[in-house]
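The structure appears right after this line, and notes come after that.
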Amino acid sequence: PSRTRPGPQPPIRATGRRRALLVGINYPGTSAELSGCVNDVLAIRGMLLSAGFPAEGITVLADPMHKCPGAAGPPTRANMLRGMQWLVAGAQAGDSLFFHYSGHGSQQPDRTGMESDGYNETICPSDFNSAGQIIDDELWTHLVSPLPSGARLTAIMDCCHSGTGLDLPFNWDSSRGVWREDTNPSHSLGDVVLFSGCQDDQTSADGDMSLFKVGGAMTNAFVRAMAEGPFPTYPELLHRLHRQLRSRGFTQRPQLTSSQVTASCLRRERPRCSLVDSQSCLLDPSHSCADSRNHRRLSTCASACSHSPKASSPTATPRSAACNGASSARAAVGQAPRRCECSLIR
């Protein structure tokens with residue numbers, strides 16, 4: 001019998017359900033102390049509120065000494081994992097979810113052989129010395145794998161070694177203008193996009209000033225880039241980030257990775273994103289750039305998978321526990337995280 005191509009699928013309609021989990025950790029009183037991570041959370045929260053996210057749908061995990069709106073507790077490992085479970089619980093097509101992490105990032109040796117550079121990227125909860133770090137495999141399991149087709153998660157990771165922090169299979173190659181698939185891709189059903197603070201082998205800076213407040217270079221650049229004007233494509237937004245950071249003397253290069261690419265992306269056609277409630281459709285999956293009619297997963301297993309330096313500026317602090325010489329930045333398994341070649345300048 002002859003085979004026919006499946007017809008166009010109906011567009012994804014926004015459910016109106018919006019949730020965000022924002023994590024900011026300054027590690028007060030420790031040798032790994034930072035200055036701008038909680039300010040980053042406040043800046044992102046303000047951006048989301050202006051985009052139509054309800055205040056009750058935004059959960060904040062931050063150092064207890066900071067009285068942050070929406071704070072639900074300290075950013076311990078257990079609370080962060082519970083927060084991720086809350087973020088994706090009951091997700092359905094048309095939902096718009098947002099995850100922002102600002103704090104230390106590091107690397108641990110990969111014992112599975114799946115990482116091309118031999119290291120897992122990690123983020124560091126406030127109690128990482130006793131409870132351990134959270135590796136990228138866990139982030140994928142908690143944030144990416146549970147999402148159904150048509151649910152969108154936009155993530156920002158403003159930390160060191162964050163390039164492939166969610167283990168997403170497609171990486172945007174800015175120099176050639178194409179998406180590249182990972183050597184050992186982890187495919188999933190949901191639409192997940194990550195803007196990282198830097199490449200896997202770089203560090204992200206803490207110490208950028210915005211409106212007289214210290215913040216992360218990446219987070220401040222993201223807020224400014226979003227305010228430049230409407231209708232950016234993902235690659236255009238990445239270009240804005242690179243330009244914003246260069247203009248302020250930072251050499252870290254944010255990276256764009258995705259769980260899905262569209263047929264239009266493969267044809268090098270770049271549909272522009274419309275604004276939704278005064279912000280980019282990064283925050284809303286109902287626009288045509290997230291339309292299921294355009295989605296063509298590049299792996300036949302994707303529809304069935306359920307698993308699967310900075311070089312800081314003269315006044316900036318690298319957001320890497322290893323860079324701070326913190327002996328507490330050791331993994332729960334007893335392995336020291338990879339050290340990056342940078343100096344600590346407070």
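Residue names in the structure tokens use chain letters A, B, ... in the order shown, residue numbers from 1 in each chain, and ligand numbers from 1 in the order shown.
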
Which of segment 107-256 of chain A counts as alpha helix (DSSP H) under DSSP, as a ChimeraX atom specification please? /A:128-131,136-139,217-227,234-247

If we count only C-alpha atoms and set the cut-off at 9 Å, which residues sit around Pro75 of chain A, ignoring sequence neighbours fewer than 4 positions away in its own chain? Please answer as a PDB file with N, CA and C atoms, in the first residue's frame.
ATOM      1  N   VAL A  23      16.225  31.245  40.417  1.00  0.00           N
ATOM      2  CA  VAL A  23      17.154  30.858  41.484  1.00  0.00           C
ATOM      3  C   VAL A  23      18.340  31.813  41.479  1.00  0.00           C
ATOM      4  N   GLY A  24      18.585  32.475  42.598  1.00  0.00           N
ATOM      5  CA  GLY A  24      19.736  33.367  42.737  1.00  0.00           C
ATOM      6  C   GLY A  24      20.485  33.072  44.012  1.00  0.00           C
ATOM      7  N   ILE A  25      21.787  32.794  43.896  1.00  0.00           N
ATOM      8  CA  ILE A  25      22.583  32.375  45.059  1.00  0.00           C
ATOM      9  C   ILE A  25      23.862  33.199  45.117  1.00  0.00           C
ATOM     10  N   VAL A  60      10.571  32.061  43.603  1.00  0.00           N
ATOM     11  CA  VAL A  60      11.953  32.513  43.758  1.00  0.00           C
ATOM     12  C   VAL A  60      12.628  31.722  44.872  1.00  0.00           C
ATOM     13  N   LEU A  61      13.820  31.231  44.590  1.00  0.00           N
ATOM     14  CA  LEU A  61      14.679  30.621  45.607  1.00  0.00           C
ATOM     15  C   LEU A  61      15.929  31.484  45.704  1.00  0.00           C
ATOM     16  N   ALA A  62      16.144  32.113  46.857  1.00  0.00           N
ATOM     17  CA  ALA A  62      17.265  33.033  47.016  1.00  0.00           C
ATOM     18  C   ALA A  62      17.772  32.967  48.446  1.00  0.00           C
ATOM     19  N   ASP A  63      18.948  33.530  48.658  1.00  0.00           N
ATOM     20  CA  ASP A  63      19.529  33.552  50.002  1.00  0.00           C
ATOM     21  C   ASP A  63      18.542  34.184  50.973  1.00  0.00           C
ATOM     22  N   PRO A  64      18.345  33.562  52.148  1.00  0.00           N
ATOM     23  CA  PRO A  64      17.310  34.029  53.076  1.00  0.00           C
ATOM     24  C   PRO A  64      17.455  35.480  53.505  1.00  0.00           C
ATOM     25  N   ASN A  79      15.510  21.934  47.664  1.00  0.00           N
ATOM     26  CA  ASN A  79      14.507  22.922  47.252  1.00  0.00           C
ATOM     27  C   ASN A  79      14.569  23.197  45.751  1.00  0.00           C
ATOM     28  N   MET A  80      15.777  23.222  45.195  1.00  0.00           N
ATOM     29  CA  MET A  80      15.897  23.469  43.758  1.00  0.00           C
ATOM     30  C   MET A  80      15.281  22.331  42.950  1.00  0.00           C
ATOM     31  N   PRO A 125      24.086  24.448  44.293  1.00  0.00           N
ATOM     32  CA  PRO A 125      23.121  24.941  45.284  1.00  0.00           C
ATOM     33  C   PRO A 125      23.846  25.592  46.456  1.00  0.00           C
ATOM     34  N   SER A 126      23.096  26.244  47.308  1.00  0.00           N
ATOM     35  CA  SER A 126      23.716  26.918  48.454  1.00  0.00           C
ATOM     36  C   SER A 126      24.397  25.929  49.398  1.00  0.00           C
ATOM     37  N   ASP A 127      23.920  24.687  49.417  1.00  0.00           N
ATOM     38  CA  ASP A 127      24.505  23.670  50.302  1.00  0.00           C
ATOM     39  C   ASP A 127      25.319  22.636  49.521  1.00  0.00           C
TER      40      ASP A 127
END

Using only C-alpha atoms, which residue out of A:His239, A:Ala14, A:Gln133, A:Val223 lies closest to Ser175 of chain A? A:His239

If you take only C-alpha atoms and a cut-off of 10 Å, which residues of segment 32-105 of chain A touch segment 187-202 of chain A, and what are their nearest atom pairs and distances in Å to one decimal, in chain and number order, as CSV?
residue,atom,partner,partner_atom,distance
A:Ala91,CA,A:Gly190,CA,9.7
A:Gln92,CA,A:Gly190,CA,9.3
A:Ala93,CA,A:Gly190,CA,8.5
A:Ser96,CA,A:Asp191,CA,9.8
A:Leu97,CA,A:Val192,CA,9.3
A:Phe98,CA,A:Val192,CA,9.7
A:Phe99,CA,A:Leu194,CA,9.2
A:His100,CA,A:Leu194,CA,9.7
A:Tyr101,CA,A:Ser196,CA,9.8
A:Ser102,CA,A:Gly197,CA,9.4
A:Gly105,CA,A:Asp200,CA,9.9

Preceding selection exported with N, CA and C atoms as a tab-separated table (two decimals), in the first residue's frame:
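Contents of selection-v8.tsv, as written:
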chain	number	residue	atom	x	y	z
A	91	ALA	N	2.39	19.98	33.04
A	91	ALA	CA	2.60	20.79	31.82
A	91	ALA	C	1.84	20.18	30.65
A	92	GLN	N	1.31	21.05	29.79
A	92	GLN	CA	0.59	20.61	28.61
A	92	GLN	C	0.90	21.52	27.43
A	93	ALA	N	0.54	21.09	26.25
A	93	ALA	CA	0.79	21.88	25.06
A	93	ALA	C	0.19	23.27	25.20
A	96	SER	N	3.66	28.02	28.87
A	96	SER	CA	4.89	28.79	28.75
A	96	SER	C	5.59	28.79	30.10
A	97	LEU	N	6.78	28.18	30.15
A	97	LEU	CA	7.54	28.02	31.39
A	97	LEU	C	8.88	28.72	31.26
A	98	PHE	N	9.42	29.15	32.39
A	98	PHE	CA	10.68	29.91	32.37
A	98	PHE	C	11.53	29.46	33.55
A	99	PHE	N	12.82	29.23	33.28
A	99	PHE	CA	13.77	28.86	34.33
A	99	PHE	C	14.98	29.76	34.23
A	100	HIS	N	15.35	30.37	35.36
A	100	HIS	CA	16.54	31.22	35.40
A	100	HIS	C	17.38	30.82	36.60
A	101	TYR	N	18.67	30.59	36.33
A	101	TYR	CA	19.61	30.26	37.40
A	101	TYR	C	20.77	31.24	37.36
A	102	SER	N	21.08	31.83	38.51
A	102	SER	CA	22.21	32.74	38.63
A	102	SER	C	23.01	32.33	39.86
A	105	GLY	N	28.71	27.81	38.66
A	105	GLY	CA	28.66	26.61	37.84
A	105	GLY	C	30.04	25.99	37.82

For segment 48-122 of chain A versus segment 165-173 of chain A, which residues have an atom no more than 10 Å away, and what is each residue's nearest atom pair and distance in Å rounded to one decimal, using only C-alpha atoms, chain-then-number order, as a tab-separated table?
residue	atom	partner	partner_atom	distance
A:Gly105	CA	A:Gly165	CA	9.2
A:Glu115	CA	A:Asp167	CA	9.3
A:Asn120	CA	A:Gly165	CA	8.4
A:Glu121	CA	A:Gly165	CA	5.8
A:Thr122	CA	A:Gly165	CA	7.1

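For the pair atom CA of Asp182 of chain A and atom CA of Gln260 of chain A, the interatomic distance is 12.2 Å.
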
Counting only C-alpha atoms, the option among A:Pro28, A:Pro232, A:Gly103, A:Gly216 closest to Met65 of chain A: A:Pro28

Quick one: distance from atom CA of Thr154 of chain A to atom CA of Arg253 of chain A in Å, one decimal?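 Going from atom CA of Thr154 of chain A over to atom CA of Arg253 of chain A, I get 18.4 Å.
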
Contacts of Met84 of chain A within 10 Å, only C-alpha atoms, excl. fewer than 6 positions in-chain, as a PDB file with all heavy atoms, in the first residue's frame:
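Written output follows (result.pdb):
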ATOM      1  N   ALA A  20       7.227  30.272  36.352  1.00  0.00           N
ATOM      2  CA  ALA A  20       8.660  30.551  36.298  1.00  0.00           C
ATOM      3  C   ALA A  20       9.304  30.157  37.616  1.00  0.00           C
ATOM      4  O   ALA A  20       8.724  30.353  38.696  1.00  0.00           O
ATOM      5  CB  ALA A  20       8.914  32.024  36.013  1.00  0.00           C
ATOM      6  N   LEU A  21      10.506  29.602  37.517  1.00  0.00           N
ATOM      7  CA  LEU A  21      11.338  29.302  38.680  1.00  0.00           C
ATOM      8  C   LEU A  21      12.630  30.094  38.527  1.00  0.00           C
ATOM      9  O   LEU A  21      13.358  29.915  37.551  1.00  0.00           O
ATOM     10  CB  LEU A  21      11.646  27.808  38.768  1.00  0.00           C
ATOM     11  CG  LEU A  21      12.632  27.396  39.877  1.00  0.00           C
ATOM     12  CD1 LEU A  21      12.052  27.699  41.261  1.00  0.00           C
ATOM     13  CD2 LEU A  21      13.003  25.919  39.752  1.00  0.00           C
ATOM     14  N   LEU A  22      12.904  30.974  39.491  1.00  0.00           N
ATOM     15  CA  LEU A  22      14.073  31.841  39.452  1.00  0.00           C
ATOM     16  C   LEU A  22      14.951  31.532  40.659  1.00  0.00           C
ATOM     17  O   LEU A  22      14.479  31.581  41.794  1.00  0.00           O
ATOM     18  CB  LEU A  22      13.665  33.313  39.461  1.00  0.00           C
ATOM     19  CG  LEU A  22      12.535  33.721  38.493  1.00  0.00           C
ATOM     20  CD1 LEU A  22      12.239  35.204  38.629  1.00  0.00           C
ATOM     21  CD2 LEU A  22      12.877  33.357  37.063  1.00  0.00           C
ATOM     22  N   PHE A  99      12.819  29.230  33.280  1.00  0.00           N
ATOM     23  CA  PHE A  99      13.771  28.855  34.333  1.00  0.00           C
ATOM     24  C   PHE A  99      14.980  29.764  34.233  1.00  0.00           C
ATOM     25  O   PHE A  99      15.567  29.922  33.161  1.00  0.00           O
ATOM     26  CB  PHE A  99      14.207  27.394  34.188  1.00  0.00           C
ATOM     27  CG  PHE A  99      15.315  26.986  35.140  1.00  0.00           C
ATOM     28  CD1 PHE A  99      15.059  26.855  36.500  1.00  0.00           C
ATOM     29  CD2 PHE A  99      16.600  26.734  34.674  1.00  0.00           C
ATOM     30  CE1 PHE A  99      16.073  26.484  37.382  1.00  0.00           C
ATOM     31  CE2 PHE A  99      17.616  26.356  35.545  1.00  0.00           C
ATOM     32  CZ  PHE A  99      17.350  26.227  36.905  1.00  0.00           C
ATOM     33  N   LEU A 139      19.449  17.973  35.509  1.00  0.00           N
ATOM     34  CA  LEU A 139      18.657  19.094  34.991  1.00  0.00           C
ATOM     35  C   LEU A 139      17.804  18.643  33.814  1.00  0.00           C
ATOM     36  O   LEU A 139      16.631  19.015  33.703  1.00  0.00           O
ATOM     37  CB  LEU A 139      19.583  20.239  34.573  1.00  0.00           C
ATOM     38  CG  LEU A 139      20.346  20.932  35.708  1.00  0.00           C
ATOM     39  CD1 LEU A 139      21.316  21.961  35.136  1.00  0.00           C
ATOM     40  CD2 LEU A 139      19.380  21.599  36.678  1.00  0.00           C
ATOM     41  N   THR A 141      16.720  15.599  33.270  1.00  0.00           N
ATOM     42  CA  THR A 141      15.684  14.699  33.790  1.00  0.00           C
ATOM     43  C   THR A 141      14.546  15.470  34.446  1.00  0.00           C
ATOM     44  O   THR A 141      13.374  15.098  34.296  1.00  0.00           O
ATOM     45  CB  THR A 141      16.298  13.712  34.800  1.00  0.00           C
ATOM     46  OG1 THR A 141      17.289  12.920  34.136  1.00  0.00           O
ATOM     47  CG2 THR A 141      15.244  12.803  35.398  1.00  0.00           C
ATOM     48  N   HIS A 142      14.860  16.552  35.161  1.00  0.00           N
ATOM     49  CA  HIS A 142      13.834  17.278  35.906  1.00  0.00           C
ATOM     50  C   HIS A 142      13.130  18.354  35.085  1.00  0.00           C
ATOM     51  O   HIS A 142      11.946  18.634  35.325  1.00  0.00           O
ATOM     52  CB  HIS A 142      14.461  17.928  37.151  1.00  0.00           C
ATOM     53  CG  HIS A 142      14.709  16.973  38.278  1.00  0.00           C
ATOM     54  ND1 HIS A 142      15.793  16.125  38.314  1.00  0.00           N
ATOM     55  CD2 HIS A 142      14.004  16.727  39.409  1.00  0.00           C
ATOM     56  CE1 HIS A 142      15.756  15.407  39.416  1.00  0.00           C
ATOM     57  NE2 HIS A 142      14.677  15.743  40.096  1.00  0.00           N
ATOM     58  N   LEU A 143      13.828  18.965  34.120  1.00  0.00           N
ATOM     59  CA  LEU A 143      13.257  20.102  33.413  1.00  0.00           C
ATOM     60  C   LEU A 143      12.858  19.810  31.971  1.00  0.00           C
ATOM     61  O   LEU A 143      11.898  20.385  31.458  1.00  0.00           O
ATOM     62  CB  LEU A 143      14.255  21.273  33.402  1.00  0.00           C
ATOM     63  CG  LEU A 143      14.521  21.972  34.728  1.00  0.00           C
ATOM     64  CD1 LEU A 143      15.652  22.986  34.563  1.00  0.00           C
ATOM     65  CD2 LEU A 143      13.267  22.652  35.254  1.00  0.00           C
ATOM     66  N   VAL A 144      13.591  18.938  31.299  1.00  0.00           N
ATOM     67  CA  VAL A 144      13.404  18.727  29.867  1.00  0.00           C
ATOM     68  C   VAL A 144      12.558  17.492  29.576  1.00  0.00           C
ATOM     69  O   VAL A 144      11.556  17.552  28.863  1.00  0.00           O
ATOM     70  CB  VAL A 144      14.767  18.619  29.148  1.00  0.00           C
ATOM     71  CG1 VAL A 144      14.569  18.422  27.652  1.00  0.00           C
ATOM     72  CG2 VAL A 144      15.616  19.859  29.422  1.00  0.00           C
TER      73      VAL A 144
END

For Ala221 of chain A, the closest of A:Ser186, A:Ile44, A:Ile123, A:Arg152 counting only C-alpha atoms is A:Ile44

So which bits of segment 96-259 of chain A end up strand (DSSP E or B) when you DSSP the backbone, as a PyMOL selection string? chain A and resi 96-102+105-109+119-123+134-135+152-158+170-173+178-181+191-196+205-210+213-216+255-258

Residue with the minimum atom-to-atom distance to Cys37 of chain A, picked from A:Leu237, A:Ile134, A:Met218, A:Leu153 with only C-alpha atoms counted, is A:Met218
